[in-house]
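Source file: run_13.cif (mmCIF, C-alpha atoms)
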```cif
data_target
loop_
_atom_site.label_atom_id
_atom_site.label_comp_id
_atom_site.auth_asym_id
_atom_site.auth_seq_id
_atom_site.Cartn_x
_atom_site.Cartn_y
_atom_site.Cartn_z
CA MET L 3 64.84 18.65 83.81
CA PHE L 4 66.81 19.20 80.59
CA LEU L 5 66.31 22.98 80.66
CA LEU L 6 67.18 23.29 84.34
CA LEU L 7 70.42 21.32 84.15
CA SER L 8 71.50 22.72 80.78
CA SER L 9 70.83 26.30 81.86
CA ALA L 10 72.89 25.87 85.03
CA ALA L 11 75.81 24.23 83.22
CA LEU L 12 75.93 26.56 80.22
CA SER L 13 75.41 29.78 82.16
CA LEU L 14 78.22 28.82 84.55
CA LEU L 15 80.49 28.09 81.60
CA ALA L 16 79.51 31.37 79.92
CA VAL L 17 80.05 33.44 83.08
CA ILE L 18 83.51 31.94 83.57
CA ALA L 19 84.43 32.61 79.92
CA VAL L 20 83.11 36.20 79.98
CA TRP L 21 84.79 36.92 83.30
CA LEU L 22 88.15 35.53 82.16
CA ALA L 23 87.94 37.46 78.88
CA GLY L 24 87.13 40.71 80.72
CA ARG L 25 89.45 40.53 83.73
CA ARG L 26 91.72 43.26 82.41
CA ASP L 27 89.11 45.03 80.32
CA PRO L 28 85.41 44.79 81.34
CA ALA L 29 84.33 46.21 77.97
CA ARG L 30 85.80 43.31 76.10
CA SER L 31 84.00 40.54 74.25
CA PRO L 32 80.37 41.71 73.85
CA GLY L 33 80.10 39.10 71.08
CA LEU L 34 80.92 36.33 73.55
CA THR L 35 78.30 37.56 76.02
CA LEU L 36 75.64 37.97 73.33
CA GLY L 37 76.46 34.58 71.80
CA SER L 38 76.14 32.92 75.19
CA LEU L 39 72.75 34.53 75.82
CA LEU L 40 71.48 33.57 72.37
CA THR L 41 72.61 29.99 72.97
CA LEU L 42 70.75 29.94 76.28
CA LEU L 43 67.70 31.39 74.54
CA ALA L 44 67.83 28.56 71.99
CA LEU L 45 67.98 25.79 74.62
CA PRO L 46 64.21 25.03 74.58
CA PHE L 47 64.41 24.51 70.80
CA LEU L 48 67.56 22.40 71.07
CA ALA L 49 65.57 20.02 73.25
CA LEU L 50 63.74 18.94 70.07
CA LEU L 51 66.91 17.48 68.54
CA PRO L 52 67.26 13.67 68.25
CA LYS L 53 68.65 12.13 71.42
CA PHE L 54 71.37 9.60 72.19
CA THR L 55 70.40 7.55 75.24
CA VAL L 56 73.08 7.01 77.89
CA GLU L 57 72.14 4.31 80.41
CA LEU L 58 72.74 5.00 84.07
CA PRO L 59 73.57 2.32 86.67
CA ALA L 60 70.62 0.30 87.96
CA ALA L 61 70.86 2.01 91.34
CA ALA L 62 69.77 5.27 89.72
CA ASN L 63 66.38 3.77 88.81
CA ASN L 64 64.71 4.43 92.16
CA ALA L 65 66.18 7.92 92.48
CA MET L 66 65.11 8.85 88.97
CA GLY L 67 61.63 7.51 89.43
CA ALA L 68 61.22 9.38 92.72
CA THR L 69 62.08 12.70 91.10
CA VAL L 70 59.60 12.51 88.21
CA SER L 71 56.85 14.05 90.30
CA ALA L 72 59.19 16.76 91.58
CA PHE L 73 60.19 17.75 88.05
CA SER L 74 56.56 18.02 87.00
CA TRP L 75 56.04 20.56 89.77
CA LEU L 76 59.21 22.38 88.74
CA ALA L 77 57.91 22.57 85.17
CA MET L 78 54.70 24.16 86.43
CA VAL L 79 56.65 26.71 88.52
CA TRP L 80 58.86 27.49 85.51
CA LEU L 81 55.83 28.15 83.31
CA LEU L 82 54.30 30.43 85.95
CA GLY L 83 57.57 32.36 86.18
CA CYS L 84 57.76 32.72 82.40
CA GLY L 85 54.21 34.03 82.39
CA PHE L 86 55.02 36.59 85.09
CA PHE L 87 58.07 37.95 83.29
CA ALA L 88 56.20 37.96 79.97
CA LEU L 89 53.55 40.18 81.57
CA ARG L 90 56.29 42.36 82.98
CA LEU L 91 57.79 42.73 79.50
CA VAL L 92 54.41 43.78 78.10
CA ALA L 93 54.04 46.28 80.96
CA ASP L 94 57.45 47.76 80.16
CA PHE L 95 56.48 48.37 76.54
CA LYS L 96 53.21 49.97 77.65
CA ALA L 97 55.21 52.25 79.93
CA LEU L 98 57.38 53.15 76.95
CA ASN L 99 54.30 54.06 74.93
CA ARG L 100 53.11 56.36 77.73
CA TRP L 101 56.60 57.85 77.86
CA ARG L 102 56.46 58.49 74.10
CA ARG L 103 53.17 60.34 74.36
CA VAL L 104 54.60 62.82 76.85
CA ALA L 105 57.57 63.62 74.60
CA ILE L 106 57.59 66.91 72.67
CA ASP L 107 58.73 67.44 69.08
CA HIS L 108 61.56 69.94 68.79
CA ASP L 109 61.51 72.99 66.52
CA ASP L 110 65.25 73.69 66.40
CA PRO L 111 66.75 73.45 62.88
CA GLU L 112 70.24 73.22 64.42
CA ILE L 113 69.34 69.86 65.94
CA ASP L 114 68.18 68.56 62.57
CA LEU L 115 71.42 69.68 60.92
CA ALA L 116 73.53 68.09 63.67
CA LEU L 117 71.49 64.87 63.50
CA GLU L 118 71.91 64.58 59.73
CA ALA L 119 75.65 65.20 59.95
CA CYS L 120 76.05 62.56 62.67
CA ARG L 121 73.86 60.09 60.77
CA GLN L 122 76.03 60.39 57.67
CA ARG L 123 79.19 60.18 59.76
CA LEU L 124 78.13 56.83 61.19
CA GLY L 125 76.58 55.53 57.99
CA VAL L 126 73.12 55.10 59.51
CA GLY L 127 70.58 54.78 56.72
CA ARG L 128 67.47 54.59 58.91
CA ARG L 129 65.38 57.62 59.75
CA VAL L 130 65.83 58.68 63.37
CA ARG L 131 63.91 61.44 65.10
CA VAL L 132 64.83 63.63 68.07
CA ARG L 133 62.27 64.61 70.71
CA PHE L 134 62.39 66.29 74.13
CA GLN L 135 61.25 64.25 77.11
CA PRO L 136 60.28 66.37 80.16
CA ASP L 137 60.74 63.46 82.61
CA ALA L 138 64.12 62.32 81.27
CA VAL L 139 67.34 62.87 83.20
CA SER L 140 69.64 61.38 80.56
CA PRO L 141 69.72 61.17 76.76
CA SER L 142 68.27 57.86 75.62
CA ILE L 143 67.03 56.00 72.59
CA ALA L 144 64.02 53.72 72.16
CA GLY L 145 62.02 52.20 69.35
CA LEU L 146 63.06 48.98 67.71
CA PHE L 147 61.51 49.75 64.31
CA ARG L 148 61.20 53.55 64.54
CA PRO L 149 64.08 54.72 66.74
CA VAL L 150 63.71 58.02 68.53
CA ILE L 151 66.38 59.90 70.49
CA TYR L 152 64.96 61.47 73.65
CA LEU L 153 66.75 64.48 75.10
CA PRO L 154 66.23 65.82 78.64
CA PRO L 155 65.14 69.44 79.19
CA THR L 156 68.69 70.32 80.31
CA SER L 157 69.93 69.58 76.78
CA ARG L 158 68.72 73.03 75.67
CA ARG L 159 71.71 74.48 77.53
CA TRP L 160 74.27 72.13 75.98
CA SER L 161 77.00 73.39 73.72
CA GLU L 162 76.99 72.39 70.07
CA GLU L 163 79.88 69.98 70.62
CA THR L 164 78.14 68.23 73.53
CA LEU L 165 74.97 67.86 71.48
CA ARG L 166 76.92 66.29 68.61
CA MET L 167 78.66 63.84 70.95
CA VAL L 168 75.32 62.79 72.43
CA LEU L 169 73.73 62.31 69.01
CA LEU L 170 76.74 60.29 67.83
CA HIS L 171 76.47 58.02 70.87
CA GLU L 172 72.75 57.40 70.51
CA LEU L 173 73.06 56.83 66.76
CA GLY L 174 75.83 54.37 67.56
CA HIS L 175 73.22 52.23 69.31
CA VAL L 176 71.17 52.28 66.11
CA ALA L 177 74.17 51.35 63.96
CA ARG L 178 75.07 48.47 66.30
CA ARG L 179 71.42 47.31 66.67
CA ASP L 180 71.76 47.43 70.44
CA LEU L 181 68.01 47.76 70.95
CA LEU L 182 67.55 44.36 69.31
CA THR L 183 70.41 42.99 71.40
CA SER L 184 68.75 44.29 74.57
CA LEU L 185 65.44 42.66 73.61
CA ALA L 186 67.13 39.31 72.93
CA ALA L 187 68.85 39.48 76.32
CA ARG L 188 65.52 40.18 78.01
CA PHE L 189 63.95 37.15 76.32
CA ALA L 190 66.84 35.02 77.56
CA CYS L 191 66.14 36.25 81.10
CA LEU L 192 62.44 35.51 80.58
CA VAL L 193 63.15 31.87 79.68
CA HIS L 194 65.81 31.44 82.39
CA TRP L 195 64.26 33.74 85.00
CA TYR L 196 65.29 31.43 87.84
CA ASN L 197 69.00 31.57 86.94
CA PRO L 198 70.89 34.55 88.45
CA LEU L 199 73.87 33.88 86.17
CA VAL L 200 71.75 34.70 83.11
CA TRP L 201 70.72 38.02 84.70
CA TRP L 202 74.39 38.74 85.37
CA LEU L 203 75.22 38.08 81.71
CA ARG L 204 72.50 40.49 80.62
CA GLY L 205 73.83 43.24 82.89
CA ARG L 206 77.37 42.71 81.61
CA LEU L 207 76.15 42.80 77.99
CA MET L 208 74.35 46.12 78.47
CA ALA L 209 77.50 47.66 79.96
CA GLN L 210 79.56 46.29 77.07
CA CYS L 211 77.15 47.90 74.60
CA GLU L 212 77.85 51.31 76.16
CA PHE L 213 81.61 50.74 75.91
CA ALA L 214 81.23 49.62 72.29
CA CYS L 215 79.22 52.75 71.42
CA ASP L 216 81.92 54.93 72.97
CA ALA L 217 84.53 53.15 70.85
CA LYS L 218 82.42 53.58 67.70
CA VAL L 219 82.12 57.33 68.28
CA ILE L 220 85.90 57.64 68.59
CA GLU L 221 86.42 55.47 65.49
CA VAL L 222 84.45 57.90 63.28
CA GLY L 223 86.75 60.76 64.25
CA ALA L 224 85.26 62.34 67.37
CA ASP L 225 87.75 64.11 69.61
CA PRO L 226 88.35 61.87 72.68
CA ALA L 227 88.74 64.82 75.07
CA ILE L 228 85.50 66.46 73.94
CA TYR L 229 83.63 63.17 74.05
CA ALA L 230 84.92 62.38 77.55
CA MET L 231 83.81 65.83 78.68
CA ALA L 232 80.36 65.20 77.21
CA LEU L 233 80.13 61.90 79.12
CA CYS L 234 80.95 63.71 82.36
CA ASP L 235 78.42 66.49 81.64
CA VAL L 236 75.65 63.96 80.96
CA ALA L 237 76.54 61.93 84.05
CA GLU L 238 76.57 65.05 86.23
CA ALA L 239 73.14 66.10 84.99
CA SER L 240 71.84 62.56 85.54
CA ALA L 241 71.96 62.46 89.33
CA LEU L 242 69.40 59.62 89.25
CA PRO L 243 70.22 57.70 86.06
CA GLU L 244 67.36 55.64 84.63
CA ALA L 245 65.02 56.79 87.43
CA ALA L 246 62.29 57.76 84.96
CA LEU L 247 63.50 55.64 82.09
CA PRO L 248 61.43 52.73 80.75
CA ALA L 249 63.20 49.39 80.72
CA ALA L 250 62.79 49.16 76.94
CA ALA L 251 65.02 52.22 76.35
CA LEU L 252 68.80 52.65 76.47
CA ALA L 253 70.27 55.63 78.34
CA MET L 254 73.62 57.26 77.69
CA ALA L 255 74.23 57.43 81.45
CA GLY L 256 73.63 53.71 81.72
CA ARG L 257 75.02 50.75 83.63
CA ALA L 258 78.66 51.07 82.62
CA SER L 259 81.14 52.72 84.98
CA LEU L 260 81.76 56.37 84.06
CA ARG L 261 85.38 56.16 85.21
CA GLN L 262 86.10 53.12 83.06
CA ARG L 263 84.37 54.67 80.06
CA VAL L 264 86.40 57.88 80.32
CA GLU L 265 89.65 55.94 80.75
CA ARG L 266 88.92 53.84 77.67
CA VAL L 267 88.07 56.92 75.60
CA ILE L 268 91.18 58.83 76.65
CA HIS L 269 93.61 55.93 76.30
CA ARG L 270 91.87 54.41 73.25
CA GLN L 271 92.17 50.83 74.43
CA ARG L 272 91.89 48.36 71.59
CA GLN L 273 90.34 44.96 71.87
CA SER L 274 92.56 41.95 71.33
CA GLY L 275 92.51 38.23 71.76
CA SER L 276 89.69 37.58 69.30
CA LEU L 277 90.96 34.01 68.88
CA LEU L 278 90.46 33.32 72.59
CA VAL L 279 86.98 34.83 72.51
CA SER L 280 86.02 32.78 69.45
CA ALA L 281 87.30 29.61 71.11
CA ALA L 282 85.28 30.33 74.26
CA LEU L 283 82.12 30.97 72.24
CA LEU L 284 82.67 27.79 70.22
CA LEU L 285 83.11 25.83 73.45
CA THR L 286 79.86 27.23 74.85
CA VAL L 287 77.88 26.37 71.71
CA THR L 288 79.42 22.90 71.48
CA ALA L 289 78.60 22.19 75.12
CA SER L 290 74.98 23.25 74.58
CA LEU L 291 74.63 20.93 71.59
CA ALA L 292 76.20 18.06 73.55
CA LEU L 293 73.79 18.53 76.43
CA SER L 294 70.89 18.77 73.98
CA VAL L 295 71.42 15.41 72.30
CA VAL L 296 72.21 13.33 75.40
CA ARG L 297 69.43 11.68 77.40
CA LEU L 298 70.12 9.81 80.65
CA SER L 299 68.06 6.71 81.38
CA PRO L 300 68.35 3.81 83.85
CA PRO L 301 68.65 0.39 82.11
CA GLU L 302 65.33 -0.90 83.40
CA LEU L 303 63.47 2.10 82.08
CA ALA L 304 65.25 1.93 78.75
CA SER L 305 64.40 -1.76 78.23
CA SER L 306 60.85 -1.61 79.47
CA GLY L 307 59.93 1.63 77.74
CA SER L 308 60.18 0.11 74.26
CA SER L 309 57.84 -2.85 74.96
CA GLY L 310 55.35 -0.96 77.11
CA ASP L 311 55.44 -3.62 79.91
CA ALA L 312 55.54 -2.51 83.52
CA LEU L 313 58.29 -3.71 85.83
CA TYR L 314 57.45 -6.74 88.01
CA THR L 315 56.43 -5.99 91.59
CA PRO L 316 58.13 -7.84 94.48
CA GLU L 317 54.92 -9.88 95.04
CA GLU L 318 54.90 -11.05 91.42
CA ILE L 319 58.54 -12.02 91.61
CA HIS L 320 57.94 -14.02 94.81
CA LEU L 321 54.93 -15.77 93.25
CA ARG L 322 56.92 -16.78 90.17
CA MET L 323 59.83 -18.04 92.25
CA THR L 324 57.63 -20.22 94.52
CA ALA L 325 55.22 -21.50 91.85
CA ASN L 326 55.20 -25.23 90.93
CA PRO L 327 56.97 -25.58 87.57
CA PHE L 328 54.89 -28.73 86.81
CA PRO L 329 51.35 -27.88 87.82
CA GLY L 330 50.03 -31.07 86.16
CA ASP L 331 51.87 -33.34 88.62
CA LYS L 332 50.08 -34.10 91.89
#
```
Starting from the coordinates I provided, produce the structure as structure tokens.
Amino acid sequence: MFLLLSSAALSLLAVIAVWLAGRRDPARSPGLTLGSLLTLLALPFLALLPKFTVELPAAANNAMGATVSAFSWLAMVWLLGCGFFALRLVADFKALNRWRRVAIDHDDPEIDLALEACRQRLGVGRRVRVRFQPDAVSPSIAGLFRPVIYLPPTSRRWSEETLRMVLLHELGHVARRDLLTSLAARFACLVHWYNPLVWWLRGRLMAQCEFACDAKVIEVGADPAIYAMALCDVAEASALPEAALPAAALAMAGRASLRQRVERVIHRQRQSGSLLVSAALLLTVTASLALSVVRLSPPELASSGSSGDALYTPEEIHLRMTANPFPGDK
């Protein structure tokens, strides 16, 4: 009951905050979206916090007692749903492993030189490899601990500038730890699989990650016009984006709108209003903590639960009311 009600309330609050923050700029506030999803992911653990009991009116006793059985069934359905999506997550990582095995190591020294230059430009200290993926239609990156950039076969015809822009974008995901962010969002959807608002937040977060990577590439000195042209070339070659892409990977031609990405790159829109975003995130976290430490209980249940005595039945009450108070007198 706690998880169901808290998930509905907090996800609604988070969606409203994210939507208001991104009305003028959909790429804005990825921190707010990620913070909301992490808070939702932590809800089952917040249920372990000490509780403050708030007594409901006596009329709520019957209604609350009648729903106990229903909530037990809901708990069983929730566990079955979590199990299904956990198996789906495992299947996605197995598909990624099969995808890895098909990939081919490159033998082009120019790619290694471009990769090293881009890695130093972004300040990425981790080792990242580049491989060709015959089934890919878009550049992508996968591998939480050993990241690998996968290039489609069409990348062999790219210009040197396009290749550098693609490598900068994919390395931007590594610098921002977007693969870890994507995994955390998937776990949040696993726990709250029944809540469509949580799925909406995950989709918005993945789009915001693409916008943020574009901004990071421009920040390190990439030419906006060349980068925008590279985005268009990749999108044109990716007629079916993510068609053969495992769910555990991130594609350059991803969920974000190409038009909005190009407009942001060309006009160099800067994010603002960090105070508003911080206030919205603080409100979301505070609301989750408040819902976690409050427990609703009818007065009869609260008083009887401590002594362990059952409530009197109507027959027992009638017997006590009609009994002779002086049984010794005849």
#### Entry: Residue nearest Met231 in chain L - candidates L:Gln122, L:Val168, L:Leu82, L:Ala209, atoms counted: all atoms listed in the file
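Nearest to Met231 in chain L: L:Val168.
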### Task
Name all residues at most 6 Å from range 212-229 of chain L (count all atoms listed in the file; drop same-chain ones fewer than 2 positions away) and give them as a ChimeraX atom specification.
/L:29,167,171,174,209-210,231-232,267-268
### Nearest residue to Met208 in chain L from the set L:Leu15, L:Leu185, L:Leu89, L:Val176 (distances using all atoms listed in the file)
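Closest residue, counting all atoms listed in the file: L:Leu185.
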### Query
When you draw a straight line from CA of Leu169 in chain L to CA of Pro149 in chain L, how long is it in Å?
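Value for the CA of Leu169 in chain L-CA of Pro149 in chain L distance: 12.5 Å.
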### Task
Please identify all polymer residues within 12 Å of Ser157 in chain L, counting all atoms listed in the file, omitting same-chain residues fewer than 3 positions from it, and present them as a ChimeraX atom specification.
/L:108,113,132-136,138-142,152-154,160-169,232,235-236,239-240
Can those selected residues be exported to a file as a short mmCIF file (atom, residue, chain, number, x, y, z; two decimals), keeping the file's coordinate frame so that it contains C-alpha atoms?
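Ended up saving to again-v5.cif:
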```
data_model
loop_
_atom_site.label_atom_id
_atom_site.label_comp_id
_atom_site.auth_asym_id
_atom_site.auth_seq_id
_atom_site.Cartn_x
_atom_site.Cartn_y
_atom_site.Cartn_z
CA HIS L 108 61.56 69.94 68.79
CA ILE L 113 69.34 69.86 65.94
CA VAL L 132 64.83 63.63 68.07
CA ARG L 133 62.27 64.61 70.71
CA PHE L 134 62.39 66.29 74.13
CA GLN L 135 61.25 64.25 77.11
CA PRO L 136 60.28 66.37 80.16
CA ALA L 138 64.12 62.32 81.27
CA VAL L 139 67.34 62.87 83.20
CA SER L 140 69.64 61.38 80.56
CA PRO L 141 69.72 61.17 76.76
CA SER L 142 68.27 57.86 75.62
CA TYR L 152 64.96 61.47 73.65
CA LEU L 153 66.75 64.48 75.10
CA PRO L 154 66.23 65.82 78.64
CA TRP L 160 74.27 72.13 75.98
CA SER L 161 77.00 73.39 73.72
CA GLU L 162 76.99 72.39 70.07
CA GLU L 163 79.88 69.98 70.62
CA THR L 164 78.14 68.23 73.53
CA LEU L 165 74.97 67.86 71.48
CA ARG L 166 76.92 66.29 68.61
CA MET L 167 78.66 63.84 70.95
CA VAL L 168 75.32 62.79 72.43
CA LEU L 169 73.73 62.31 69.01
CA ALA L 232 80.36 65.20 77.21
CA ASP L 235 78.42 66.49 81.64
CA VAL L 236 75.65 63.96 80.96
CA ALA L 239 73.14 66.10 84.99
CA SER L 240 71.84 62.56 85.54
#
```
### Query
By how many Å are CA of Ile143 in chain L and CA of Phe189 in chain L apart?
19.5 Å
### Query
Just how far from CA of Thr183 in chain L is CA of Gly33 in chain L, in Å to one decimal?
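Pair CA of Gly33 in chain L / CA of Thr183 in chain L returns 10.4 Å.
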### Message
Since I can't run it myself right now, could you work out what the PyMOL selection byres ((chain L and resi 193) around 10) selects here and report it as an MDAnalysis selection string?
### Response
chainID L and resid 5 9 42:46 80:81 83:85 87:88 188:192 194:197 200
Atoms kept (C-alpha atoms) for selection, written as a CSV table (one decimal), in the frame of the given file:
```csv
chain,number,residue,atom,x,y,z
L,5,LEU,CA,66.3,23.0,80.7
L,9,SER,CA,70.8,26.3,81.9
L,42,LEU,CA,70.8,29.9,76.3
L,43,LEU,CA,67.7,31.4,74.5
L,44,ALA,CA,67.8,28.6,72.0
L,45,LEU,CA,68.0,25.8,74.6
L,46,PRO,CA,64.2,25.0,74.6
L,80,TRP,CA,58.9,27.5,85.5
L,81,LEU,CA,55.8,28.2,83.3
L,83,GLY,CA,57.6,32.4,86.2
L,84,CYS,CA,57.8,32.7,82.4
L,85,GLY,CA,54.2,34.0,82.4
L,87,PHE,CA,58.1,38.0,83.3
L,88,ALA,CA,56.2,38.0,80.0
L,188,ARG,CA,65.5,40.2,78.0
L,189,PHE,CA,64.0,37.2,76.3
L,190,ALA,CA,66.8,35.0,77.6
L,191,CYS,CA,66.1,36.2,81.1
L,192,LEU,CA,62.4,35.5,80.6
L,194,HIS,CA,65.8,31.4,82.4
L,195,TRP,CA,64.3,33.7,85.0
L,196,TYR,CA,65.3,31.4,87.8
L,197,ASN,CA,69.0,31.6,86.9
L,200,VAL,CA,71.8,34.7,83.1
```
### Task
Would you mind telling me which residue in L:Cys120, L:Val92, L:Arg206, L:Ala23 lies nearest to Leu39 in chain L when using all atoms listed in the file?
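Distance minimum relative to Leu39 in chain L lands on L:Arg206.
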### Which of L:Ile106, L:Val130, L:Leu48, L:Ala144 sits closest to Pro248 in chain L [using all atoms listed in the file]
L:Ala144
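Comparing L:Gln262, L:Leu124, L:Pro198, L:Arg131 by their smallest distance to Val17 in chain L, the closest is L:Pro198 (using all atoms listed in the file).
Proximity to Asn99 in chain L was assessed for L:Gly145, L:Gly24, L:Pro111, L:Gly125 counting all atoms listed in the file; the smallest distance is recorded for L:Gly145.
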